[in-house]
Every structure is written in structure tokens, then in C-alpha cells.
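See below for final26.csv, which holds CSV, C-alpha atoms.
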```csv
chain,number,residue,atom,x,y,z
A,280,MET,CA,93.0,79.3,103.0
A,281,SER,CA,96.7,79.8,102.7
A,282,ILE,CA,96.2,83.6,102.5
A,283,LYS,CA,94.2,83.6,105.7
A,284,THR,CA,97.1,81.8,107.5
A,285,THR,CA,99.6,84.4,106.3
A,286,ALA,CA,97.4,87.2,107.6
A,287,MET,CA,97.1,85.4,110.9
A,288,THR,CA,100.8,84.9,111.2
A,289,ALA,CA,101.4,88.6,110.4
A,290,LYS,CA,99.0,89.5,113.1
A,291,LEU,CA,100.6,87.3,115.7
A,292,LYS,CA,104.0,88.6,114.8
A,293,PHE,CA,102.8,92.2,115.1
A,294,LYS,CA,101.4,91.4,118.6
A,295,GLU,CA,104.7,89.9,119.7
A,296,LYS,CA,106.5,93.0,118.6
A,297,GLY,CA,104.1,95.7,119.7
A,298,GLY,CA,102.6,94.3,122.9
A,299,ASP,CA,99.1,95.7,123.4
A,300,ILE,CA,98.6,97.1,119.9
A,301,LYS,CA,95.4,95.8,118.6
A,302,MET,CA,95.1,95.1,114.9
A,303,LYS,CA,92.0,94.9,113.0
A,304,LYS,CA,91.3,91.5,111.6
A,305,SER,CA,93.0,91.6,108.2
A,306,ARG,CA,91.2,90.5,105.2
A,307,VAL,CA,92.7,90.2,101.8
A,308,VAL,CA,91.3,93.0,99.7
A,309,ASN,CA,92.8,92.3,96.3
A,310,SER,CA,95.2,89.8,94.9
A,311,LEU,CA,97.0,88.9,91.7
A,312,LYS,CA,98.7,85.7,90.5
A,313,ILE,CA,100.9,85.6,87.5
A,314,GLN,CA,103.6,83.4,86.0
A,315,PHE,CA,106.1,84.3,83.3
A,316,PRO,CA,109.3,82.8,81.8
A,317,ALA,CA,112.6,83.5,83.6
A,318,LYS,CA,113.8,85.8,81.0
A,319,SER,CA,115.7,89.0,81.8
A,320,ALA,CA,113.3,91.0,79.6
A,321,ASN,CA,110.6,90.3,82.2
A,322,GLU,CA,112.4,92.2,84.9
A,323,ALA,CA,111.0,95.5,83.7
A,324,PHE,CA,107.6,93.8,83.2
A,325,SER,CA,107.6,92.6,86.9
A,326,ARG,CA,108.3,96.2,88.0
A,327,ALA,CA,105.6,97.7,85.9
A,328,LEU,CA,103.2,95.0,87.2
A,329,ILE,CA,103.9,95.6,90.9
A,330,SER,CA,103.7,99.4,90.6
A,331,SER,CA,100.3,99.1,88.9
A,332,PHE,CA,99.1,96.7,91.5
A,333,ALA,CA,100.5,98.8,94.4
A,334,ALA,CA,99.0,102.0,92.9
A,335,GLN,CA,95.6,100.9,94.3
A,336,LEU,CA,97.0,101.5,97.8
A,337,ASP,CA,97.9,105.2,97.0
A,338,PRO,CA,101.5,104.8,97.8
A,339,THR,CA,104.1,107.7,98.0
A,340,VAL,CA,106.6,107.9,95.2
A,341,GLU,CA,109.3,106.6,97.6
A,342,GLU,CA,107.2,103.6,98.7
A,343,LEU,CA,106.5,102.7,95.1
A,344,CYS,CA,110.2,102.9,94.2
A,345,ASP,CA,111.1,100.8,97.3
A,346,ILE,CA,108.8,98.0,96.4
A,347,LYS,CA,109.7,98.2,92.7
A,348,THR,CA,113.4,97.8,93.5
A,349,ALA,CA,112.8,95.0,95.9
A,350,VAL,CA,110.7,93.0,93.4
A,351,SER,CA,113.2,93.7,90.7
A,352,GLU,CA,116.0,92.2,92.9
A,353,ALA,CA,114.0,89.1,93.7
A,354,VAL,CA,113.0,88.5,90.1
A,355,THR,CA,116.6,89.1,88.9
A,356,ASN,CA,117.8,86.6,91.5
A,357,CYS,CA,115.5,83.9,90.0
A,358,ILE,CA,116.7,84.7,86.5
A,359,VAL,CA,120.4,84.8,87.3
A,360,HIS,CA,120.7,82.0,89.9
A,361,ALA,CA,117.7,79.7,89.9
A,362,TYR,CA,117.9,77.8,86.6
A,363,ASP,CA,120.9,76.0,85.1
A,364,ASP,CA,121.4,75.8,81.3
A,365,SER,CA,120.4,72.2,81.5
A,366,VAL,CA,116.8,73.1,82.5
A,367,PRO,CA,114.5,73.2,79.4
A,368,GLU,CA,113.2,76.7,78.5
A,369,LYS,CA,109.7,75.6,79.2
A,370,LYS,CA,110.4,74.8,82.8
A,371,LYS,CA,112.2,78.1,83.6
A,372,ILE,CA,109.2,79.8,85.2
A,373,ILE,CA,108.8,82.5,87.8
A,374,LYS,CA,105.5,82.8,89.8
A,375,MET,CA,104.5,86.0,91.4
A,376,HIS,CA,101.6,86.3,93.9
A,377,CYS,CA,100.7,89.7,95.1
A,378,PHE,CA,98.0,90.6,97.6
A,379,TYR,CA,97.2,93.3,100.1
A,380,ASP,CA,94.9,93.3,103.1
A,381,GLU,CA,92.8,95.9,105.0
A,382,ASN,CA,95.9,97.1,106.9
A,383,ASN,CA,97.5,98.2,103.7
A,384,LEU,CA,100.1,95.4,104.1
A,385,LEU,CA,101.3,94.6,100.6
A,386,SER,CA,102.8,91.1,100.2
A,387,VAL,CA,104.6,89.8,97.2
A,388,LYS,CA,105.6,86.1,96.9
A,389,ILE,CA,108.1,85.3,94.2
A,390,THR,CA,108.6,81.6,93.5
A,391,ASP,CA,110.9,79.6,91.3
A,392,ASN,CA,111.3,75.9,90.8
A,393,GLY,CA,115.1,76.2,90.5
A,394,ARG,CA,118.1,74.7,92.2
A,395,GLY,CA,117.4,76.3,95.6
A,396,ILE,CA,119.9,78.0,97.9
A,397,GLU,CA,122.3,75.9,99.9
A,398,ASP,CA,123.0,78.4,102.6
A,399,VAL,CA,120.3,81.1,102.8
A,400,LYS,CA,122.0,82.9,105.7
A,401,LYS,CA,125.2,83.2,103.6
A,402,ALA,CA,123.4,84.2,100.5
A,403,MET,CA,121.8,87.1,102.4
A,404,GLU,CA,125.1,88.5,103.5
A,405,PRO,CA,126.0,91.8,101.9
A,406,LEU,CA,128.6,91.5,99.1
A,407,TYR,CA,128.2,87.7,98.9
A,408,THR,CA,127.7,86.6,95.3
A,409,THR,CA,128.2,83.6,93.1
A,410,GLY,CA,127.4,85.5,90.0
A,411,GLY,CA,130.8,86.8,88.9
A,412,GLU,CA,132.5,90.1,89.1
A,413,ASP,CA,129.8,92.3,87.6
A,414,ARG,CA,127.2,91.3,90.2
A,415,SER,CA,127.4,93.4,93.4
A,416,GLY,CA,126.1,90.9,95.9
A,417,MET,CA,123.6,93.5,97.2
A,418,GLY,CA,120.3,91.9,96.1
A,419,PHE,CA,119.1,90.5,99.5
A,420,PRO,CA,120.4,93.5,101.6
A,421,ILE,CA,118.5,95.9,99.3
A,422,MET,CA,115.4,93.8,99.5
A,423,GLN,CA,115.7,93.7,103.3
A,424,SER,CA,116.2,97.4,103.7
A,425,PHE,CA,113.5,98.4,101.3
A,426,THR,CA,110.7,96.3,102.7
A,427,ASP,CA,109.3,95.8,106.2
A,428,GLU,CA,109.7,92.0,106.1
A,429,LEU,CA,111.6,89.6,104.0
A,430,LYS,CA,111.3,85.9,104.2
A,431,VAL,CA,113.3,83.4,102.2
A,432,LYS,CA,112.3,79.8,102.0
A,433,SER,CA,114.4,77.5,99.9
A,434,VAL,CA,114.6,73.8,99.3
A,435,LEU,CA,117.6,72.4,97.4
A,436,TYR,CA,116.7,71.2,93.8
A,437,LYS,CA,113.0,72.2,94.4
A,438,GLY,CA,113.0,75.9,94.4
A,439,THR,CA,113.0,79.1,96.4
A,440,THR,CA,110.2,81.4,97.6
A,441,VAL,CA,110.9,85.0,98.5
A,442,THR,CA,108.2,86.8,100.4
A,443,LEU,CA,108.3,90.6,100.6
A,444,LYS,CA,106.0,92.6,102.8
A,445,LYS,CA,105.6,96.3,103.0
A,446,TYR,CA,103.0,98.6,104.6
A,447,ILE,CA,101.9,101.1,102.1
A,448,GLY,CA,100.5,104.6,102.9
A,449,LYS,CA,98.6,105.0,106.2
A,450,THR,CA,97.9,101.9,108.2
A,451,ASN,CA,94.6,101.2,109.8
A,452,TYR,CA,95.7,100.1,113.3
A,453,ASP,CA,93.7,100.9,116.5
A,454,ILE,CA,96.5,102.4,118.6
B,634,MET,CA,118.8,103.2,76.7
B,635,GLU,CA,120.7,106.1,75.3
B,636,MET,CA,124.3,106.9,76.0
B,637,THR,CA,126.1,110.0,75.0
B,638,SER,CA,129.8,110.3,75.4
B,639,LEU,CA,131.9,113.5,74.9
B,640,ASN,CA,135.6,113.4,74.8
B,641,LYS,CA,138.1,116.2,75.7
B,642,ASP,CA,141.6,116.1,77.2
B,643,GLY,CA,141.3,112.5,78.2
B,644,LYS,CA,138.0,113.1,79.9
B,645,MET,CA,135.0,111.0,78.9
B,646,VAL,CA,131.5,111.6,80.1
B,647,CYS,CA,128.8,109.0,79.6
B,648,CYS,CA,125.3,110.1,80.1
B,649,LEU,CA,123.2,107.1,81.0
B,650,SER,CA,119.5,107.2,80.8
B,651,GLY,CA,116.5,104.9,81.3
B,652,GLU,CA,116.4,102.0,83.6
B,653,ILE,CA,119.5,100.0,84.7
B,654,ASP,CA,118.6,96.4,85.6
B,655,HIS,CA,120.2,93.1,85.0
B,656,HIS,CA,118.7,93.0,81.5
B,657,SER,CA,119.8,96.5,80.3
B,658,SER,CA,123.1,96.6,82.2
B,659,ARG,CA,124.7,94.2,79.7
B,660,SER,CA,124.4,96.5,76.8
B,661,ILE,CA,125.3,99.5,78.8
B,662,ARG,CA,128.4,97.8,80.1
B,663,ASP,CA,129.5,96.7,76.7
B,664,GLY,CA,128.9,100.2,75.4
B,665,ILE,CA,131.0,101.9,78.1
B,666,ASP,CA,133.7,99.3,77.8
B,667,ARG,CA,133.9,99.8,74.1
B,668,LEU,CA,134.2,103.6,74.6
B,669,ILE,CA,137.0,103.0,77.2
B,670,ILE,CA,139.0,100.9,74.7
B,671,GLN,CA,138.4,103.4,71.9
B,672,ASN,CA,139.1,106.6,73.7
B,673,ARG,CA,141.4,105.5,76.5
B,674,PRO,CA,140.2,108.2,78.8
B,675,LYS,CA,142.1,109.2,82.0
B,676,VAL,CA,139.0,110.3,83.7
B,677,LEU,CA,135.6,108.7,83.2
B,678,VAL,CA,132.5,110.5,84.4
B,679,LEU,CA,129.2,108.6,84.6
B,680,ASP,CA,126.3,111.0,84.5
B,681,LEU,CA,123.4,109.3,86.3
B,682,SER,CA,121.0,112.3,86.3
B,683,SER,CA,118.5,110.7,83.8
B,684,ILE,CA,118.4,107.3,85.4
B,685,ALA,CA,114.8,106.4,86.2
B,686,PHE,CA,115.6,103.2,88.0
B,687,MET,CA,118.6,101.4,89.2
B,688,ASP,CA,119.0,98.2,91.3
B,689,SER,CA,122.0,96.1,92.4
B,690,SER,CA,122.9,95.3,88.8
B,691,GLY,CA,123.5,99.0,88.4
B,692,LEU,CA,125.8,98.9,91.5
B,693,GLY,CA,127.7,96.1,89.8
B,694,LEU,CA,128.0,98.1,86.7
B,695,VAL,CA,129.3,101.2,88.4
B,696,LEU,CA,131.8,99.2,90.6
B,697,GLY,CA,133.0,97.2,87.6
B,698,ARG,CA,133.8,100.3,85.6
B,699,TYR,CA,135.5,101.8,88.6
B,700,ARG,CA,137.7,98.8,88.9
B,701,LYS,CA,138.5,98.8,85.2
B,702,MET,CA,139.5,102.5,85.3
B,703,ARG,CA,141.7,102.0,88.3
B,704,GLU,CA,143.4,99.1,86.7
B,705,CYS,CA,144.3,101.3,83.7
B,706,GLY,CA,145.6,103.9,86.1
B,707,GLY,CA,142.6,106.2,85.5
B,708,GLU,CA,139.9,107.8,87.7
B,709,MET,CA,136.2,107.6,87.8
B,710,PHE,CA,133.5,109.9,89.1
B,711,LEU,CA,129.8,109.9,89.2
B,712,CYS,CA,127.9,113.1,88.5
B,713,ASN,CA,124.4,114.5,89.1
B,714,THR,CA,123.3,111.4,90.8
B,715,ASN,CA,119.6,111.7,91.7
B,716,GLU,CA,118.2,111.1,95.2
B,717,ARG,CA,116.8,107.7,94.4
B,718,THR,CA,120.0,106.3,92.9
B,719,LEU,CA,122.0,107.9,95.7
B,720,LYS,CA,120.0,105.9,98.2
B,721,ILE,CA,121.1,102.6,96.7
B,722,LEU,CA,124.7,103.8,96.3
B,723,LYS,CA,124.7,104.8,100.0
B,724,MET,CA,123.3,101.5,101.1
B,725,ALA,CA,126.2,99.7,99.5
B,726,GLY,CA,128.7,102.3,100.7
B,727,VAL,CA,129.7,103.1,97.1
B,728,ASP,CA,129.3,106.8,97.7
B,729,LYS,CA,132.3,106.6,100.0
B,730,ILE,CA,134.5,105.0,97.3
B,731,ILE,CA,133.5,106.8,94.2
B,732,LYS,CA,133.2,110.6,94.4
B,733,ASN,CA,130.0,112.2,93.3
B,734,ILE,CA,130.4,115.5,91.6
B,735,ASP,CA,127.8,118.1,90.7
B,736,CYS,CA,128.0,119.6,87.3
B,737,ASP,CA,125.7,121.4,84.9
B,738,LYS,CA,124.7,119.1,82.2
B,739,GLU,CA,124.1,121.7,79.5
B,740,PHE,CA,127.3,123.5,80.4
B,741,MET,CA,129.3,120.3,80.1
B,742,ARG,CA,127.7,119.5,76.8
B,743,ASN,CA,128.5,122.9,75.4
B,744,GLU,CA,132.0,122.9,76.6
B,745,TYR,CA,132.7,119.5,75.1
B,746,LYS,CA,130.9,120.3,71.9
B,747,ASP,CA,133.5,122.9,70.9
B,748,ASN,CA,136.2,120.3,70.8
B,749,SER,CA,137.0,118.7,67.5
B,750,ASN,CA,137.7,115.3,69.2
B,751,ASP,CA,134.0,114.9,69.8
B,752,SER,CA,132.6,111.5,69.7
B,753,GLN,CA,128.9,110.8,70.2
B,754,THR,CA,127.6,107.4,70.4
B,755,GLN,CA,124.1,106.3,70.7
B,756,ILE,CA,123.1,102.8,71.6
```
Can you turn what I pasted into C-alpha cells?
Amino acid sequence: MSIKTTAMTAKLKFKEKGGDIKMKKSRVVNSLKIQFPAKSANEAFSRALISSFAAQLDPTVEELCDIKTAVSEAVTNCIVHAYDDSVPEKKKIIKMHCFYDENNLLSVKITDNGRGIEDVKKAMEPLYTTGGEDRSGMGFPIMQSFTDELKVKSVLYKGTTVTLKKYIGKTNYDI
Amino acid sequence: MEMTSLNKDGKMVCCLSGEIDHHSSRSIRDGIDRLIIQNRPKVLVLDLSSIAFMDSSGLGLVLGRYRKMRECGGEMFLCNTNERTLKILKMAGVDKIIKNIDCDKEFMRNEYKDNSNDSQTQI
């Protein structure tokens, strides 16, 4: 049910932007849910995972690299920022939900149950970081420029969900 | 992650390869820093031609080493940066701060190999 709603919202948003462009009713073609511990070794794993999943859409090398980079940034954010040392290892978990619809719109939801972001707007500013001097503060700006849509939903002490959306390959609009 | 460094006349070249993310950047950073302390180079060149993947952690790594070299009164360049990596560097405006030079990898290796002060480190 929730997937349907997302597709509907995407459709509505597209209509708002593009005026009379008609979109085919988008149906989820394939999806994948996975959860793994928030360990830095899993960054490479999450990239491998999304590239294998996105490969079904026959992406260009550039599109594949873009989505890989964006997912890597989002997962890294969860690992670096979401969980304090006080959280037991068992509870440090990242959930990834990937799906694509008939319009070749690939969506990736990355969720953690961490401390949340106090000021999302500020966190998304280029060069803003709380991670010390060897973090560049470019995570969100990179995600933003490498995808078609970026949504960040965060509740303090509950967790953060980052949704990345990107059209892959040719799209099936009736224009 | 493999790193090769060749030393001559106060120049140090680090050839980075593989993927630079938050996980791998720690060991690469420690490796480069150790070499900086050992060799005290005047010029540090990071060869990024064999980098298969880089994200913002890589940016942090590059900027951090640049800061470090500047603090010691040295210089830092990037070399043979591939298109993909350049896209990320450009996004952050790093390409305007740190000069990207083109040099022949084999030529560089041969030139530096003749020198007796060679040091090769693999991580």
C-alpha cells in the first residue's frame, strides 16, 4: 500500500512540474528490502547491492556511478552520524528498501533508528559537518546533484529516512 | 587498497587504487600521513588514476592532506584524475584549489626508480 502511495505522489509531483505531460500509471516492477548492521565495511556492500539491483534497468555507466555514489553517501551518513557509542551493537541497523516502477524510476529508501537530525536544512548545506576535520561536509550536496529527487525525513531520537529517486535509462512517458 | 610511493628530490608520489569510501579512507589516510612524516616531502602528488570509486570521504581525505602539506610549508597536486573522480572534485570546487597535473605513470615510475632513495610501501 505504501508503495502505491509513493508512486501516486511522484505522479502528482510530475504533473505539477510538467503541466500536460501524461504519465503512465506507474506500477512497481521489482523491489528489494534488506537490513544490515551499521558497520563501515557494509558501505562497499550497499554499493554492490544497488548496482546489481539497478542493472536490471539497463543503466548507463554514468547513471550507475551516480546512484552508487548517492547510496554510498547516505549509508555513510547513517554509519558516521546516526548511532552513538551508547547504542548497543545489536540495535545499530540500517534498512534499505529499493524499488523501481514502469517509468524506470528507481527509488532507494535508507532508514536508520538513530538520533535523528536536529536541523535538516542546515545539515544539507554544503560544507556543513559535525564529523570533524576529515569529513568534507559534501554528503547531502552530492546526493542532491547525483539524483533526480532527494527527500530527508528525520525525527529526533527516532531516526532518519533518506529517499533517493532517479530515472534510469529511457523513460516511458507519453509526451 | 594498494599504495605506492616513490621519493626523489623531496617529491613524493602516492598512487592510490581501489575504492575510497569512509571505510577505506582511514587506512589510506594513515598510510599517507605515515609517509609524510617519514619522508618529509616538499611536494606531494596524489595519483588518482586507478581510483575506481570515490565519495565525499575521498574529498575529505584529499582536502585534509592538502591542509597538512600547506601547514608544513609544502605543496600538493593531484595527478591523472579520471573523469568520474573529477566530477566529484568539481562539485566541491576542489579542482580550483588543488592543481590537477597530467603525467605519464610509467614514465614517472621509471624516473623515480633510478633513484637510490626509493621507498615503496604497500598497504
task = Find the residues in chain B near chain A: any atom within 12 Å counts, using only C-alpha atoms. Write them as a PyMOL selection string.
result = chain B and resi 651-659+662-663+685-701+716-718+720-727
Output file for the selection above: C-alpha atoms, as a PDB file, in the coordinates of the input:
```
ATOM      1  CA  GLY B 651     116.500 104.900  81.300  1.00  0.00           C
ATOM      2  CA  GLU B 652     116.400 102.000  83.600  1.00  0.00           C
ATOM      3  CA  ILE B 653     119.500 100.000  84.700  1.00  0.00           C
ATOM      4  CA  ASP B 654     118.600  96.400  85.600  1.00  0.00           C
ATOM      5  CA  HIS B 655     120.200  93.100  85.000  1.00  0.00           C
ATOM      6  CA  HIS B 656     118.700  93.000  81.500  1.00  0.00           C
ATOM      7  CA  SER B 657     119.800  96.500  80.300  1.00  0.00           C
ATOM      8  CA  SER B 658     123.100  96.600  82.200  1.00  0.00           C
ATOM      9  CA  ARG B 659     124.700  94.200  79.700  1.00  0.00           C
ATOM     10  CA  ARG B 662     128.400  97.800  80.100  1.00  0.00           C
ATOM     11  CA  ASP B 663     129.500  96.700  76.700  1.00  0.00           C
ATOM     12  CA  ALA B 685     114.800 106.400  86.200  1.00  0.00           C
ATOM     13  CA  PHE B 686     115.600 103.200  88.000  1.00  0.00           C
ATOM     14  CA  MET B 687     118.600 101.400  89.200  1.00  0.00           C
ATOM     15  CA  ASP B 688     119.000  98.200  91.300  1.00  0.00           C
ATOM     16  CA  SER B 689     122.000  96.100  92.400  1.00  0.00           C
ATOM     17  CA  SER B 690     122.900  95.300  88.800  1.00  0.00           C
ATOM     18  CA  GLY B 691     123.500  99.000  88.400  1.00  0.00           C
ATOM     19  CA  LEU B 692     125.800  98.900  91.500  1.00  0.00           C
ATOM     20  CA  GLY B 693     127.700  96.100  89.800  1.00  0.00           C
ATOM     21  CA  LEU B 694     128.000  98.100  86.700  1.00  0.00           C
ATOM     22  CA  VAL B 695     129.300 101.200  88.400  1.00  0.00           C
ATOM     23  CA  LEU B 696     131.800  99.200  90.600  1.00  0.00           C
ATOM     24  CA  GLY B 697     133.000  97.200  87.600  1.00  0.00           C
ATOM     25  CA  ARG B 698     133.800 100.300  85.600  1.00  0.00           C
ATOM     26  CA  TYR B 699     135.500 101.800  88.600  1.00  0.00           C
ATOM     27  CA  ARG B 700     137.700  98.800  88.900  1.00  0.00           C
ATOM     28  CA  LYS B 701     138.500  98.800  85.200  1.00  0.00           C
ATOM     29  CA  GLU B 716     118.200 111.100  95.200  1.00  0.00           C
ATOM     30  CA  ARG B 717     116.800 107.700  94.400  1.00  0.00           C
ATOM     31  CA  THR B 718     120.000 106.300  92.900  1.00  0.00           C
ATOM     32  CA  LYS B 720     120.000 105.900  98.200  1.00  0.00           C
ATOM     33  CA  ILE B 721     121.100 102.600  96.700  1.00  0.00           C
ATOM     34  CA  LEU B 722     124.700 103.800  96.300  1.00  0.00           C
ATOM     35  CA  LYS B 723     124.700 104.800 100.000  1.00  0.00           C
ATOM     36  CA  MET B 724     123.300 101.500 101.100  1.00  0.00           C
ATOM     37  CA  ALA B 725     126.200  99.700  99.500  1.00  0.00           C
ATOM     38  CA  GLY B 726     128.700 102.300 100.700  1.00  0.00           C
ATOM     39  CA  VAL B 727     129.700 103.100  97.100  1.00  0.00           C
TER      40      VAL B 727
END
```
key: Distance of CA of Leu384 in chain A from CA of Ala361 in chain A, expressed in Å to one decimal place   =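 The value is 27.5 Å.
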inquiry  = Using Å and a single decimal, report how far CA of Ala327 in chain A sits from CA of Tyr362 in chain A.
reply    =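 Between CA of Tyr362 in chain A and CA of Ala327 in chain A the gap is 23.4 Å.
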For CA of Glu381 in chain A and CA of Ser310 in chain A, the interatomic separation in Å (one decimal) =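 CA of Glu381 in chain A sits 12.0 Å away from CA of Ser310 in chain A.
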Axis-aligned box for all listed atoms of range 390-400 of chain A, 3 Å per side, centre and edges in Å to one decimal, as lines of an AutoDock Vina configuration file:
```
center_x = 115.8
center_y = 78.8
center_z = 98.1
size_x = 20.4
size_y = 14.2
size_z = 21.2
```
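Between Val307 in chain A and the candidates A:Val340, A:Leu435, A:Leu385, A:Ala333, the tightest atom-to-atom separation, counting all atoms listed in the file, involves A:Leu385.
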request  = Fewer than 2 positions away in the same chain doesn't count, so skip those; otherwise give me all residues within 8 Å of Leu311 in chain A, counting only C-alpha atoms, as number ranges by chain.
outcome  = A: 309, 313, 376-378
A:Thr390, A:Thr409, A:Gln335, A:Thr426 ranked by distance to Thr439 in chain A, top pick (using only C-alpha atoms) =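 For Thr439 in chain A, the nearest of the given residues is A:Thr390.
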inquiry  = Residues near Asn733 in chain B, anyone? I mean within 8 Å using all atoms listed in the file, not counting same-chain ones fewer than 3 positions away, as a PyMOL selection string.
reply    = chain B and resi 710-714+728
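With all atoms listed in the file as the basis for measurement, B:Cys705 is the residue among B:Ser660, B:Cys705, B:Cys647, B:Ile730 that approaches Arg673 in chain B most closely.
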message = Given all atoms listed in the file as the basis, pick out the residue of B:Ile684, B:Leu677, B:Ile661, B:Gly706 nearest to Ile731 in chain B.
response = B:Leu677
Here's a test: counting all atoms listed in the file, identify every protein, DNA and RNA residue with an atom at most 12 Å from (143.8, 112.3, 77.2) in the file's coordinate frame, and state them as a PDB file with C-alpha atoms, in the frame of the given file.
```
ATOM      1  CA  ASN B 640     135.600 113.400  74.800  1.00  0.00           C
ATOM      2  CA  LYS B 641     138.100 116.200  75.700  1.00  0.00           C
ATOM      3  CA  ASP B 642     141.600 116.100  77.200  1.00  0.00           C
ATOM      4  CA  GLY B 643     141.300 112.500  78.200  1.00  0.00           C
ATOM      5  CA  LYS B 644     138.000 113.100  79.900  1.00  0.00           C
ATOM      6  CA  MET B 645     135.000 111.000  78.900  1.00  0.00           C
ATOM      7  CA  ILE B 669     137.000 103.000  77.200  1.00  0.00           C
ATOM      8  CA  GLN B 671     138.400 103.400  71.900  1.00  0.00           C
ATOM      9  CA  ASN B 672     139.100 106.600  73.700  1.00  0.00           C
ATOM     10  CA  ARG B 673     141.400 105.500  76.500  1.00  0.00           C
ATOM     11  CA  PRO B 674     140.200 108.200  78.800  1.00  0.00           C
ATOM     12  CA  LYS B 675     142.100 109.200  82.000  1.00  0.00           C
ATOM     13  CA  VAL B 676     139.000 110.300  83.700  1.00  0.00           C
ATOM     14  CA  LEU B 677     135.600 108.700  83.200  1.00  0.00           C
ATOM     15  CA  GLY B 707     142.600 106.200  85.500  1.00  0.00           C
ATOM     16  CA  ASN B 750     137.700 115.300  69.200  1.00  0.00           C
TER      17      ASN B 750
END
```
